[in-house]
Amino acid sequence: MHPSETSSDGSGLHERIYEIVRQIPEGRVATYGQIARWAGRCTARMAGYAMAAVPFSSDVPWQRVINSKGEVSTRSHGDGHVEQRDLLEAEGVVFNARGRVDLGQYGWSGPGISEQEMNDLLWRG
DNA sequence: CTTTTGACGCGTA
DNA sequence: CTACGCGCCAAAA
């Protein structure tokens, strides 16, 4: 464990959020607001801040978290958002001409629901 | 202890 | 569609 990432070993809000993000299936995305809601006592902004604090070598699929508009959020410093989109496309997530994702199609329904049921929901509308 | 720093969301005009 | 403001609060320095 790197000294820079020794904090938050289980009792922090960030860790809670990471636990949720870890459950997002490959090829799917979730919004900051959804993450916050599922994490409990957390706001969308908190989720965003938590994502900003994700260590480089982490098993948290941070790329699957986007904003409510279905677009990859541009951050203040760095060009990670470019990599984020690239990683998502590599997972099969399709962006439209405006660089947005159809949340109705790729949006994750949240923890506790199986892929099978998710698929069923998509088919039945 | 205090201060700084943010990957957001939503209502309103 | 764009622009603007405000609410919200943890974690690191």
# chains A, B, ... in the order shown; residues from 1 in each chain; ligands from 1

$ interface_residues --of "chain B" --to "chain A" --cutoff "8 Å" --atoms "only C-alpha atoms (C1' of nucleotides)" --output "PyMOL selection string"
chain B and resi 6-9

$ write_last_selection --atoms "all heavy atoms" --output "compact mmCIF listing (two decimals), in the first residue's frame"
# COMPACT_ATOMS: atom_id res chain seq x y z
P DG B 6 -8.69 21.51 -6.78
OP1 DG B 6 -8.58 20.07 -7.16
OP2 DG B 6 -7.55 22.37 -7.01
O5' DG B 6 -9.93 22.15 -7.58
C5' DG B 6 -11.31 22.00 -7.23
C4' DG B 6 -11.70 20.57 -7.02
O4' DG B 6 -12.03 20.43 -5.63
C3' DG B 6 -12.90 20.14 -7.83
O3' DG B 6 -12.73 18.81 -8.34
C2' DG B 6 -14.07 20.22 -6.87
C1' DG B 6 -13.43 20.13 -5.50
N9 DG B 6 -14.02 21.13 -4.60
C8 DG B 6 -14.09 22.48 -4.81
N7 DG B 6 -14.70 23.12 -3.86
C5 DG B 6 -15.05 22.14 -2.95
C6 DG B 6 -15.74 22.21 -1.72
O6 DG B 6 -16.19 23.22 -1.18
N1 DG B 6 -15.88 20.97 -1.12
C2 DG B 6 -15.42 19.80 -1.65
N2 DG B 6 -15.65 18.72 -0.94
N3 DG B 6 -14.77 19.70 -2.79
C4 DG B 6 -14.63 20.90 -3.39
P DA B 7 -12.44 18.99 -10.03
OP1 DA B 7 -11.17 18.30 -10.30
OP2 DA B 7 -12.57 20.39 -10.38
O5' DA B 7 -13.60 18.23 -10.79
C5' DA B 7 -13.32 16.94 -11.16
C4' DA B 7 -14.56 16.29 -11.77
O4' DA B 7 -14.21 14.95 -12.07
C3' DA B 7 -15.81 16.24 -10.85
O3' DA B 7 -16.95 16.51 -11.62
C2' DA B 7 -15.76 14.86 -10.33
C1' DA B 7 -15.19 14.11 -11.55
N9 DA B 7 -14.56 12.85 -11.23
C8 DA B 7 -14.93 12.03 -10.20
N7 DA B 7 -14.25 10.94 -10.12
C5 DA B 7 -13.35 11.03 -11.16
C6 DA B 7 -12.33 10.19 -11.60
N6 DA B 7 -12.03 9.03 -11.06
N1 DA B 7 -11.62 10.57 -12.67
C2 DA B 7 -11.91 11.72 -13.25
N3 DA B 7 -12.84 12.62 -12.91
C4 DA B 7 -13.53 12.21 -11.85
P DC B 8 -17.87 17.79 -11.26
OP1 DC B 8 -18.13 18.42 -12.54
OP2 DC B 8 -17.29 18.58 -10.16
O5' DC B 8 -19.26 17.24 -10.73
C5' DC B 8 -19.50 15.88 -10.42
C4' DC B 8 -20.90 15.75 -9.84
O4' DC B 8 -21.10 16.81 -8.90
C3' DC B 8 -22.01 15.87 -10.89
O3' DC B 8 -23.04 14.94 -10.59
C2' DC B 8 -22.49 17.27 -10.73
C1' DC B 8 -22.28 17.53 -9.25
N1 DC B 8 -22.06 18.96 -8.96
C2 DC B 8 -22.92 19.61 -8.09
O2 DC B 8 -23.84 18.99 -7.56
N3 DC B 8 -22.74 20.94 -7.85
C4 DC B 8 -21.75 21.59 -8.44
N4 DC B 8 -21.63 22.88 -8.18
C5 DC B 8 -20.86 20.94 -9.33
C6 DC B 8 -21.04 19.64 -9.57
P DG B 9 -24.35 14.85 -11.49
OP1 DG B 9 -24.82 13.47 -11.38
OP2 DG B 9 -24.05 15.43 -12.82
O5' DG B 9 -25.39 15.79 -10.74
C5' DG B 9 -25.80 15.44 -9.43
C4' DG B 9 -27.07 16.19 -9.05
O4' DG B 9 -26.74 17.54 -8.72
C3' DG B 9 -28.10 16.25 -10.19
O3' DG B 9 -29.39 16.10 -9.62
C2' DG B 9 -27.89 17.63 -10.78
C1' DG B 9 -27.43 18.45 -9.58
N9 DG B 9 -26.50 19.53 -9.89
C8 DG B 9 -25.50 19.52 -10.84
N7 DG B 9 -24.81 20.64 -10.86
C5 DG B 9 -25.38 21.42 -9.87
C6 DG B 9 -25.06 22.73 -9.43
O6 DG B 9 -24.18 23.47 -9.84
N1 DG B 9 -25.89 23.14 -8.41
C2 DG B 9 -26.91 22.40 -7.87
N2 DG B 9 -27.60 22.98 -6.90
N3 DG B 9 -27.22 21.18 -8.27
C4 DG B 9 -26.43 20.74 -9.27

$ interface_residues --of "chain C" --to "chain A" --cutoff "9 Å" --atoms "only C-alpha atoms (C1' of nucleotides)" --output "tab-separated table (two decimals) with N, CA and C atoms (P, O5', C5', C4', C3', O3' and C1' of nucleotides), in the first residue's frame"
chain	number	residue	atom	x	y	z
C	8	DC	P	-28.22	22.47	2.20
C	8	DC	O5'	-27.73	20.99	1.95
C	8	DC	C5'	-27.32	20.53	0.69
C	8	DC	C4'	-25.99	19.77	0.75
C	8	DC	C3'	-25.26	19.85	2.09
C	8	DC	O3'	-25.30	18.58	2.75
C	8	DC	C1'	-23.78	20.29	0.26
C	9	DC	P	-24.90	18.57	4.31
C	9	DC	O5'	-23.34	18.15	4.29
C	9	DC	C5'	-22.95	17.01	3.55
C	9	DC	C4'	-21.42	16.91	3.48
C	9	DC	C3'	-20.72	17.09	4.83
C	9	DC	O3'	-19.70	16.12	4.94
C	9	DC	C1'	-19.72	18.46	3.24
C	10	DA	P	-19.32	15.50	6.32
C	10	DA	O5'	-18.19	14.48	5.88
C	10	DA	C5'	-18.47	13.57	4.82
C	10	DA	C4'	-17.26	13.37	3.92
C	10	DA	C3'	-15.98	13.01	4.69
C	10	DA	O3'	-15.25	12.05	3.95
C	10	DA	C1'	-15.65	15.02	3.47
C	11	DA	P	-14.21	11.15	4.65
C	11	DA	O5'	-12.85	11.80	4.13
C	11	DA	C5'	-12.58	11.78	2.74
C	11	DA	C4'	-11.36	12.62	2.42
C	11	DA	C3'	-10.15	12.34	3.31
C	11	DA	O3'	-9.00	12.31	2.50
C	11	DA	C1'	-10.63	14.64	3.33

$ select_by_dssp --residues "chain A" --states "helix (DSSP H, G or I)" --output "ChimeraX atom specification"
/A:3-5,13-21,32-39,44-52,62-64,80-90,103-106,115-124

$ atom_distance --atom1 "CA of Val60 (chain A)" --atom2 "C1' of DT3 (chain B)"
29.3 Å

$ atom_distance --atom1 "CA of Ile17 (chain A)" --atom2 "CA of Ala36 (chain A)"
7.4 Å
